[in-house]
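data-v1.txt follows; it contains compact mmCIF, C-alpha atoms.
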```txt
# COMPACT_ATOMS: atom_id res chain seq x y z
CA MET A 3 -137.96 -127.47 21.10
CA ALA A 4 -138.18 -125.41 18.04
CA CYS A 5 -134.99 -124.34 16.41
CA GLU A 6 -135.35 -121.80 13.68
CA ALA A 7 -133.22 -119.46 11.67
CA ARG A 8 -134.18 -115.83 11.60
CA PRO A 9 -135.04 -114.40 8.19
CA GLY A 10 -131.98 -113.54 6.16
CA PRO A 11 -131.77 -111.20 3.17
CA GLY A 12 -134.59 -108.75 2.75
CA THR A 13 -135.64 -108.65 6.41
CA ALA A 14 -134.05 -107.56 9.63
CA ALA A 15 -131.87 -110.32 11.02
CA SER A 16 -131.59 -108.78 14.47
CA PRO A 17 -133.97 -107.60 17.19
CA LEU A 18 -132.00 -104.38 17.41
CA PRO A 19 -133.42 -101.18 15.97
CA THR A 20 -132.55 -100.84 12.31
CA ALA A 21 -131.74 -97.18 12.90
CA SER A 22 -128.70 -98.12 14.97
CA PRO A 23 -125.53 -97.54 12.98
CA GLY A 24 -124.04 -100.67 11.49
CA TRP A 25 -126.95 -102.91 12.44
CA SER A 26 -129.47 -102.95 9.61
CA ALA A 27 -129.63 -105.87 7.23
CA LEU A 28 -129.84 -105.37 3.48
CA PRO A 29 -132.82 -103.26 2.45
CA GLY A 30 -136.03 -105.10 1.73
CA GLY A 31 -136.31 -106.33 -1.84
CA SER A 32 -132.55 -106.12 -2.46
CA PRO A 33 -131.14 -109.66 -2.52
CA PRO A 34 -127.39 -109.98 -1.88
CA GLY A 35 -125.26 -109.70 -4.95
CA TRP A 36 -127.39 -107.00 -6.59
CA GLY A 37 -125.03 -104.11 -5.98
CA GLN A 38 -125.03 -104.70 -2.25
CA GLU A 39 -122.04 -105.80 -0.19
CA LEU A 40 -121.87 -107.38 3.21
CA ARG A 41 -120.61 -105.05 5.91
CA ASN A 42 -118.48 -105.90 8.90
CA GLY A 43 -120.73 -106.42 11.91
CA GLN A 44 -123.78 -107.35 9.83
CA VAL A 45 -126.00 -110.07 11.33
CA LEU A 46 -126.46 -112.90 8.84
CA THR A 47 -128.81 -115.19 10.73
CA VAL A 48 -129.76 -116.25 14.25
CA LEU A 49 -130.55 -119.77 15.43
CA ARG A 50 -132.92 -119.98 18.39
CA ILE A 51 -133.49 -123.03 20.51
CA ASP A 52 -135.52 -123.69 23.66
CA ASN A 53 -133.23 -124.44 26.59
CA THR A 54 -135.07 -127.39 28.12
CA CYS A 55 -133.99 -130.50 30.00
CA ALA A 56 -134.54 -132.73 26.94
CA PRO A 57 -131.76 -133.41 24.41
CA ILE A 58 -131.62 -130.60 21.84
CA SER A 59 -129.49 -129.50 18.90
CA PHE A 60 -129.16 -126.48 16.66
CA ASP A 61 -130.52 -126.73 13.14
CA LEU A 62 -127.17 -125.84 11.60
CA GLY A 63 -128.37 -127.07 8.23
CA ALA A 64 -130.80 -124.14 8.16
CA ALA A 65 -127.96 -121.80 9.06
CA GLU A 66 -125.87 -123.24 6.24
CA GLU A 67 -128.68 -122.53 3.76
CA GLN A 68 -129.09 -118.99 5.09
CA LEU A 69 -125.36 -118.32 4.74
CA GLN A 70 -125.43 -119.65 1.17
CA THR A 71 -128.04 -117.01 0.27
CA TRP A 72 -125.43 -114.44 1.30
CA GLY A 73 -122.82 -116.16 -0.87
CA ILE A 74 -120.95 -117.69 2.07
CA GLN A 75 -120.12 -121.39 1.76
CA VAL A 76 -119.58 -122.82 5.24
CA PRO A 77 -120.25 -126.58 5.57
CA ALA A 78 -121.97 -127.13 8.92
CA ASP A 79 -119.82 -130.20 9.55
CA GLN A 80 -116.79 -127.93 10.02
CA TYR A 81 -118.15 -126.40 13.22
CA ARG A 82 -121.22 -128.45 14.27
CA SER A 83 -119.51 -130.50 16.96
CA LEU A 84 -117.50 -127.49 18.15
CA ALA A 85 -120.57 -125.26 18.58
CA GLU A 86 -122.84 -127.91 20.07
CA SER A 87 -120.25 -129.23 22.52
CA ALA A 88 -119.58 -125.62 23.58
CA LEU A 89 -123.19 -124.68 24.26
CA LEU A 90 -125.49 -127.70 24.43
CA GLU A 91 -123.87 -129.95 27.00
CA PRO A 92 -126.34 -130.38 29.91
CA GLN A 93 -124.05 -128.71 32.45
CA VAL A 94 -123.55 -125.71 30.15
CA ARG A 95 -127.30 -125.34 29.59
CA ARG A 96 -127.96 -125.49 33.34
CA TYR A 97 -125.22 -122.92 33.82
CA ILE A 98 -126.91 -120.58 31.32
CA ILE A 99 -130.34 -121.04 32.95
CA TYR A 100 -129.12 -120.43 36.50
CA ASN A 101 -127.26 -117.30 35.40
CA SER A 102 -130.17 -115.86 33.42
CA ARG A 103 -131.72 -112.57 34.52
CA PRO A 104 -135.19 -114.02 35.37
CA MET A 105 -133.60 -116.68 37.58
CA ARG A 106 -131.53 -114.04 39.39
CA LEU A 107 -134.64 -111.90 39.82
CA ALA A 108 -136.55 -114.85 41.29
CA PHE A 109 -133.70 -115.53 43.73
CA ALA A 110 -133.64 -111.85 44.73
CA VAL A 111 -137.40 -111.76 45.40
CA VAL A 112 -137.29 -114.92 47.50
CA PHE A 113 -134.23 -113.63 49.34
CA TYR A 114 -135.99 -110.31 50.11
CA VAL A 115 -139.11 -112.01 51.48
CA VAL A 116 -137.11 -114.45 53.64
CA VAL A 117 -134.79 -111.74 54.98
CA TRP A 118 -137.68 -109.35 55.69
CA ALA A 119 -139.61 -112.05 57.55
CA ASN A 120 -136.56 -113.07 59.59
CA ILE A 121 -135.58 -109.53 60.53
CA TYR A 122 -139.18 -108.65 61.39
CA SER A 123 -139.67 -111.71 63.58
CA THR A 124 -136.38 -111.01 65.33
CA SER A 125 -137.29 -107.35 65.86
CA GLN A 126 -140.42 -108.40 67.77
CA MET A 127 -138.13 -109.53 70.57
CA PHE A 128 -137.07 -105.93 71.13
CA ALA A 129 -139.01 -102.79 71.90
CA LEU A 130 -138.65 -100.51 68.88
CA GLY A 131 -141.23 -97.93 69.90
CA ASN A 132 -143.56 -97.02 67.05
CA HIS A 133 -144.66 -100.10 65.11
CA TRP A 134 -144.44 -98.42 61.69
CA VAL A 135 -140.95 -97.14 62.42
CA GLY A 136 -139.91 -100.73 63.15
CA VAL A 137 -141.48 -101.94 59.88
CA LEU A 138 -139.67 -99.19 57.95
CA LEU A 139 -136.32 -100.11 59.49
CA VAL A 140 -136.89 -103.79 58.71
CA THR A 141 -137.81 -102.94 55.11
CA LEU A 142 -134.73 -100.76 54.64
CA ALA A 143 -132.47 -103.46 56.07
CA ALA A 144 -134.00 -106.13 53.82
CA MET A 145 -133.73 -103.88 50.75
CA SER A 146 -130.08 -103.10 51.51
CA LEU A 147 -129.18 -106.77 51.80
CA THR A 148 -131.13 -107.61 48.64
CA LEU A 149 -129.41 -104.81 46.70
CA THR A 150 -126.06 -106.20 47.82
CA LEU A 151 -127.11 -109.62 46.53
CA VAL A 152 -128.19 -108.12 43.18
CA LEU A 153 -124.80 -106.40 42.78
CA ILE A 154 -123.06 -109.70 43.51
CA PHE A 155 -125.27 -111.37 40.89
CA GLU A 156 -124.38 -108.71 38.31
CA ARG A 157 -120.68 -109.18 38.93
CA HIS A 158 -121.05 -112.94 38.63
CA GLN A 159 -123.13 -112.54 35.46
CA ARG A 160 -120.26 -110.79 33.68
CA LYS A 161 -117.98 -113.70 34.54
CA ALA A 162 -120.64 -116.19 33.42
CA ASN A 163 -121.06 -114.42 30.06
CA THR A 164 -117.29 -114.41 29.54
CA ASN A 165 -117.07 -118.14 30.30
CA THR A 166 -119.83 -118.86 27.77
CA ASP A 167 -118.23 -116.62 25.14
CA LEU A 168 -114.85 -118.32 25.49
CA ARG A 169 -116.42 -121.74 24.87
CA LEU A 170 -117.02 -120.63 21.27
CA ALA A 171 -113.30 -120.07 20.65
CA ALA A 172 -112.77 -123.35 18.76
CA ALA A 173 -115.83 -122.80 16.55
CA ASN A 174 -114.80 -119.22 15.77
CA GLY A 175 -111.28 -120.42 14.99
CA ALA A 176 -112.75 -122.70 12.32
CA LEU A 177 -114.95 -119.91 10.90
CA LEU A 178 -112.40 -117.07 10.71
CA ARG A 179 -111.38 -117.90 7.16
CA HIS A 180 -115.05 -117.86 6.11
CA ARG A 181 -115.45 -114.30 7.46
CA VAL A 182 -118.06 -115.37 10.01
CA LEU A 183 -118.04 -115.00 13.79
CA LEU A 184 -120.35 -116.74 16.26
CA GLY A 185 -121.78 -115.26 19.43
CA VAL A 186 -124.34 -116.48 21.95
CA THR A 187 -126.97 -114.73 24.05
CA ASP A 188 -129.78 -116.05 26.19
CA THR A 189 -133.24 -114.59 26.59
CA VAL A 190 -136.63 -115.54 28.02
CA GLU A 191 -139.84 -115.86 26.05
CA GLY A 192 -142.83 -116.44 28.27
CA CYS A 193 -141.44 -118.80 30.91
CA GLN A 194 -139.05 -120.51 28.51
CA SER A 195 -135.29 -119.95 28.42
CA VAL A 196 -134.06 -119.51 24.84
CA ILE A 197 -130.46 -119.75 23.59
CA GLN A 198 -129.64 -117.60 20.55
CA LEU A 199 -126.65 -118.41 18.33
CA TRP A 200 -125.69 -115.40 16.21
CA PHE A 201 -123.85 -115.57 12.88
CA VAL A 202 -122.22 -112.22 12.09
CA TYR A 203 -120.19 -111.28 9.02
CA PHE A 204 -116.71 -109.93 9.68
CA ASP A 205 -113.72 -109.81 7.37
CA LEU A 206 -110.96 -110.05 9.96
CA GLU A 207 -107.97 -109.82 7.63
CA ASP A 208 -107.27 -106.19 8.57
CA CYS A 209 -107.79 -106.97 12.28
CA VAL A 210 -105.34 -109.88 12.05
CA GLN A 211 -102.77 -107.59 10.41
CA PHE A 212 -103.21 -104.85 13.00
CA LEU A 213 -102.96 -107.24 15.95
CA SER A 214 -99.95 -108.93 14.34
CA ASP A 215 -98.17 -105.59 14.15
CA HIS A 216 -99.21 -104.73 17.71
CA ILE A 217 -98.01 -108.07 19.06
CA GLN A 218 -94.74 -107.72 17.16
CA GLU A 219 -94.09 -104.53 19.10
CA MET A 220 -94.58 -106.58 22.27
CA LYS A 221 -91.94 -109.03 21.02
CA THR A 222 -94.34 -111.96 20.82
CA SER A 223 -95.27 -114.28 17.93
CA GLN A 224 -97.48 -112.52 15.44
CA GLU A 225 -100.13 -113.76 12.98
CA GLU A 226 -100.95 -117.04 14.72
CA MET A 227 -101.33 -115.22 18.03
CA ALA A 228 -103.56 -112.57 16.41
CA GLN A 229 -105.85 -115.28 15.01
CA GLN A 230 -105.99 -116.97 18.41
CA LEU A 231 -106.99 -113.70 20.06
CA LEU A 232 -109.75 -113.11 17.51
CA ALA A 233 -111.02 -116.69 17.86
CA VAL A 234 -111.00 -116.61 21.67
CA PHE A 235 -112.58 -113.19 22.08
CA GLY A 236 -114.76 -113.26 18.95
CA GLY A 237 -117.74 -114.65 20.88
CA TYR A 238 -117.33 -111.94 23.53
CA TYR A 239 -117.26 -109.27 20.81
CA ILE A 240 -120.38 -110.61 19.07
CA ARG A 241 -122.38 -110.76 22.32
CA LEU A 242 -121.55 -107.11 23.02
CA LEU A 243 -122.29 -106.23 19.39
CA VAL A 244 -125.76 -107.80 19.17
CA THR A 245 -126.80 -106.50 22.60
CA SER A 246 -125.58 -102.93 21.85
CA GLN A 247 -123.07 -103.04 24.74
CA LEU A 248 -119.90 -102.31 22.78
CA PRO A 249 -118.05 -99.25 24.11
CA GLN A 250 -118.35 -96.35 21.71
CA ALA A 251 -115.23 -95.55 19.73
CA VAL A 252 -113.97 -92.13 18.67
CA GLY A 253 -113.12 -93.65 15.30
CA THR A 254 -113.20 -97.11 13.80
CA ARG A 255 -110.69 -99.14 11.84
CA HIS A 256 -112.61 -101.85 10.04
CA THR A 257 -116.38 -101.19 10.44
CA ASP A 258 -118.65 -98.86 8.52
CA SER A 259 -119.88 -97.04 11.62
CA ALA A 260 -117.58 -94.48 13.22
CA ARG A 261 -119.03 -95.29 16.68
CA ILE A 262 -118.72 -99.09 16.62
CA PRO A 263 -115.24 -100.46 17.33
CA CYS A 264 -113.98 -103.45 15.37
CA PRO A 265 -112.70 -106.60 17.15
CA CYS A 266 -109.05 -105.56 17.09
CA GLN A 267 -109.91 -102.24 18.77
CA LEU A 268 -111.78 -104.03 21.56
CA ILE A 269 -108.95 -106.54 22.05
CA GLU A 270 -106.29 -103.82 22.00
CA ALA A 271 -108.08 -101.62 24.54
CA HIS A 272 -109.64 -104.16 26.91
CA ILE A 273 -107.47 -107.28 26.58
CA LEU A 274 -103.94 -106.32 25.57
CA GLY A 275 -104.22 -102.89 27.15
CA THR A 276 -105.05 -104.33 30.59
CA GLY A 277 -102.22 -106.86 30.57
CA CYS A 278 -104.64 -109.71 31.32
CA CYS A 279 -104.17 -111.75 28.16
CA PRO A 280 -103.18 -115.30 29.21
CA PHE A 281 -101.50 -116.04 25.85
CA LEU A 282 -98.98 -113.23 26.24
CA ALA A 283 -98.05 -114.41 29.72
CA ARG A 284 -96.66 -117.70 28.44
```
Since I need it in another form, could you write the structure as structure tokens?
Amino acid sequence: MACEARPGPGTAASPLPTASPGWSALPGGSPPGWGQELRNGQVLTVLRIDNTCAPISFDLGAAEEQLQTWGIQVPADQYRSLAESALLEPQVRRYIIYNSRPMRLAFAVVFYVVVWANIYSTSQMFALGNHWVGVLLVTLAAMSLTLTLVLIFERHQRKANTNTDLRLAAANGALLRHRVLLGVTDTVEGCQSVIQLWFVYFDLEDCVQFLSDHIQEMKTSQEEMAQQLLAVFGGYYIRLLVTSQLPQAVGTRHTDSARIPCPCQLIEAHILGTGCCPFLAR
């Protein structure tokens, strides 16, 4: 149950290609504070932990040390219980495992084999003419049903990711003033499910101001609501950021890359713009 922090300054802190705009860490051999500044959207460190049935916990002390090397003082006690209760409760870990891509693939394979066998055995009760034509029809039917199942899985996966992201809202609310956002992804190494907790630098002062102004136009409370929106959807933003799934922007407000939207752009376009924000419906 190893839990380790990814290397911080001087090495890439993300598995993403360093050529991607806005993603590279500080250049090798250039410690923070030597003429280099943190950029919005920059990965600070990643905690990885094996998602097993045994009790586990993140080594947040290691994360605290890594953040200190970047000049960010965030006592782990301020968000330890919030992050661990959000992600490491047994039911949440089971939820992450069952919604992982390898588990869905295994279900799809088993489903295909069972459906194919059942359709084929049923088809033997009827005269289908050429044997190979019957096998082809059975295969096409099984593939169609399996594809339908995969599409249902994909739709459910988006909901599962959103549910996991929203569980980080309290932790992100505590970290906003430290200019840090948390996000979570899950991956598989070998046969082991691994949870990754990402720490990403983001100065959200400009985003808070923009959302405050936008909410004011909607005749709703302002700064507090803007901070709530950033805390609630910060985990969703970070997951899209570290997995390169953010929608490309024509221009950006508060990031260095012209193609990577900042949090307030994502919230404005996909949360406030769709009218689905639960806070504004109160």
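Atom to atom, CA of Ser246 (chain A) and CA of Ile273 (chain A) stand 19.2 Å apart.
By all atoms listed in the file, and with residues fewer than 5 positions from Gly136 (chain A) along its chain excluded, the set lying at most 12 Å from it is Trp118, Ile121, Tyr122, Ser123, Thr124, Ser125, Gln126, Met127, Phe128, Ala129, Leu130, Gly131, Thr141, Leu142 and Ala143 of chain A.
Shortest atom-to-atom contact with Pro263 (chain A) among A:Val152, A:Ile99, A:Leu248, A:Leu89: A:Leu248, counting only C-alpha atoms.
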What separates CA of Asn42 (chain A) and CA of Val210 (chain A) is a distance of 14.1 Å
#### Entry: Neighbour list for Ala110 (chain A) as a VMD selection string, cut-off 12 Å, all atoms listed in the file, skip fewer than 5 positions in-chain
chain A and resid 103 to 105 115 to 118 144 to 156
- Item | Interatomic distance (Å, one decimal) between CA of Leu69 (chain A) and CA of Leu178 (chain A) |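 Between these atoms lies a distance of 14.3 Å.
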Of the candidates A:Asn165, A:Glu67, A:Tyr239, A:Val202, which shows the shortest atom-to-atom distance to His272 (chain A), using all atoms listed in the file?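 So, comparing all the options, the nearest one is A:Tyr239.
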Shortest interatomic distance to Arg157 (chain A) - which of A:Pro249, A:Trp72, A:Val186, A:Asn101, counting all atoms listed in the file:
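Checking each candidate against Arg157 (chain A), we get A:Asn101 as the closest.
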Between A:Tyr203, A:Phe109, A:Phe235, A:Trp134, which one has atoms that come closest to Arg169 (chain A), using only C-alpha atoms?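 Nearest to Arg169 (chain A): A:Phe235.
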Among the residues A:Gln267, A:Gln224, A:Thr187, A:Ser83, the one that comes closest to Val244 (chain A) [using only C-alpha atoms]: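 Counting only C-alpha atoms, the residue closest to Val244 (chain A) is A:Thr187.
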Mind rebuilding region 211-242 of chain A with N, CA and C atoms and writing that out as a short mmCIF file (atom, residue, chain, number, x, y, z; two decimals), keeping the file's coordinate frame?
```cif
data_model
loop_
_atom_site.label_atom_id
_atom_site.label_comp_id
_atom_site.auth_asym_id
_atom_site.auth_seq_id
_atom_site.Cartn_x
_atom_site.Cartn_y
_atom_site.Cartn_z
N GLN A 211 -104.00 -108.33 10.73
CA GLN A 211 -102.77 -107.59 10.41
C GLN A 211 -102.44 -106.58 11.49
N PHE A 212 -103.47 -105.86 11.96
CA PHE A 212 -103.21 -104.85 13.00
C PHE A 212 -102.71 -105.51 14.28
N LEU A 213 -103.38 -106.58 14.72
CA LEU A 213 -102.96 -107.24 15.95
C LEU A 213 -101.58 -107.88 15.79
N SER A 214 -101.29 -108.37 14.58
CA SER A 214 -99.95 -108.93 14.34
C SER A 214 -98.88 -107.87 14.54
N ASP A 215 -99.14 -106.69 14.00
CA ASP A 215 -98.17 -105.59 14.15
C ASP A 215 -98.06 -105.17 15.62
N HIS A 216 -99.21 -105.15 16.30
CA HIS A 216 -99.21 -104.73 17.71
C HIS A 216 -98.46 -105.74 18.56
N ILE A 217 -98.68 -107.02 18.28
CA ILE A 217 -98.01 -108.07 19.06
C ILE A 217 -96.52 -108.09 18.76
N GLN A 218 -96.15 -107.77 17.52
CA GLN A 218 -94.74 -107.72 17.16
C GLN A 218 -94.02 -106.68 18.00
N GLU A 219 -94.69 -105.56 18.26
CA GLU A 219 -94.09 -104.53 19.10
C GLU A 219 -93.88 -105.03 20.52
N MET A 220 -94.71 -106.03 20.93
CA MET A 220 -94.58 -106.58 22.27
C MET A 220 -93.61 -107.76 22.29
N LYS A 221 -92.94 -107.97 21.14
CA LYS A 221 -91.94 -109.03 21.02
C LYS A 221 -92.53 -110.41 21.30
N THR A 222 -93.67 -110.66 20.69
CA THR A 222 -94.34 -111.96 20.82
C THR A 222 -94.63 -112.46 19.41
N SER A 223 -94.92 -113.77 19.25
CA SER A 223 -95.27 -114.28 17.93
C SER A 223 -96.46 -113.52 17.38
N GLN A 224 -96.61 -113.52 16.05
CA GLN A 224 -97.48 -112.52 15.44
C GLN A 224 -98.81 -113.07 14.91
N GLU A 225 -98.85 -113.49 13.63
CA GLU A 225 -100.13 -113.76 12.98
C GLU A 225 -100.91 -114.87 13.68
N GLU A 226 -100.24 -115.95 14.05
CA GLU A 226 -100.95 -117.04 14.72
C GLU A 226 -101.56 -116.57 16.03
N MET A 227 -100.82 -115.76 16.77
CA MET A 227 -101.33 -115.22 18.03
C MET A 227 -102.51 -114.29 17.78
N ALA A 228 -102.45 -113.48 16.73
CA ALA A 228 -103.56 -112.57 16.41
C ALA A 228 -104.82 -113.37 16.09
N GLN A 229 -104.69 -114.45 15.33
CA GLN A 229 -105.85 -115.28 15.01
C GLN A 229 -106.41 -115.95 16.25
N GLN A 230 -105.52 -116.37 17.16
CA GLN A 230 -105.99 -116.97 18.41
C GLN A 230 -106.78 -115.96 19.24
N LEU A 231 -106.29 -114.74 19.30
CA LEU A 231 -106.99 -113.70 20.06
C LEU A 231 -108.38 -113.44 19.48
N LEU A 232 -108.47 -113.37 18.15
CA LEU A 232 -109.75 -113.11 17.51
C LEU A 232 -110.70 -114.28 17.68
N ALA A 233 -110.17 -115.51 17.66
CA ALA A 233 -111.02 -116.69 17.86
C ALA A 233 -111.53 -116.75 19.30
N VAL A 234 -110.63 -116.50 20.25
CA VAL A 234 -111.00 -116.61 21.67
C VAL A 234 -111.99 -115.52 22.09
N PHE A 235 -111.75 -114.30 21.64
CA PHE A 235 -112.58 -113.19 22.08
C PHE A 235 -113.63 -112.78 21.04
N GLY A 236 -113.75 -113.56 19.95
CA GLY A 236 -114.76 -113.26 18.95
C GLY A 236 -116.17 -113.40 19.50
N GLY A 237 -116.41 -114.46 20.30
CA GLY A 237 -117.74 -114.65 20.88
C GLY A 237 -118.10 -113.53 21.84
N TYR A 238 -117.12 -113.07 22.62
CA TYR A 238 -117.33 -111.94 23.53
C TYR A 238 -117.70 -110.69 22.74
N TYR A 239 -116.98 -110.44 21.64
CA TYR A 239 -117.26 -109.27 20.81
C TYR A 239 -118.68 -109.33 20.23
N ILE A 240 -119.07 -110.49 19.70
CA ILE A 240 -120.38 -110.61 19.07
C ILE A 240 -121.50 -110.42 20.08
N ARG A 241 -121.33 -110.95 21.31
CA ARG A 241 -122.38 -110.76 22.32
C ARG A 241 -122.56 -109.28 22.63
N LEU A 242 -121.45 -108.55 22.78
CA LEU A 242 -121.55 -107.11 23.02
C LEU A 242 -122.15 -106.39 21.81
#
```
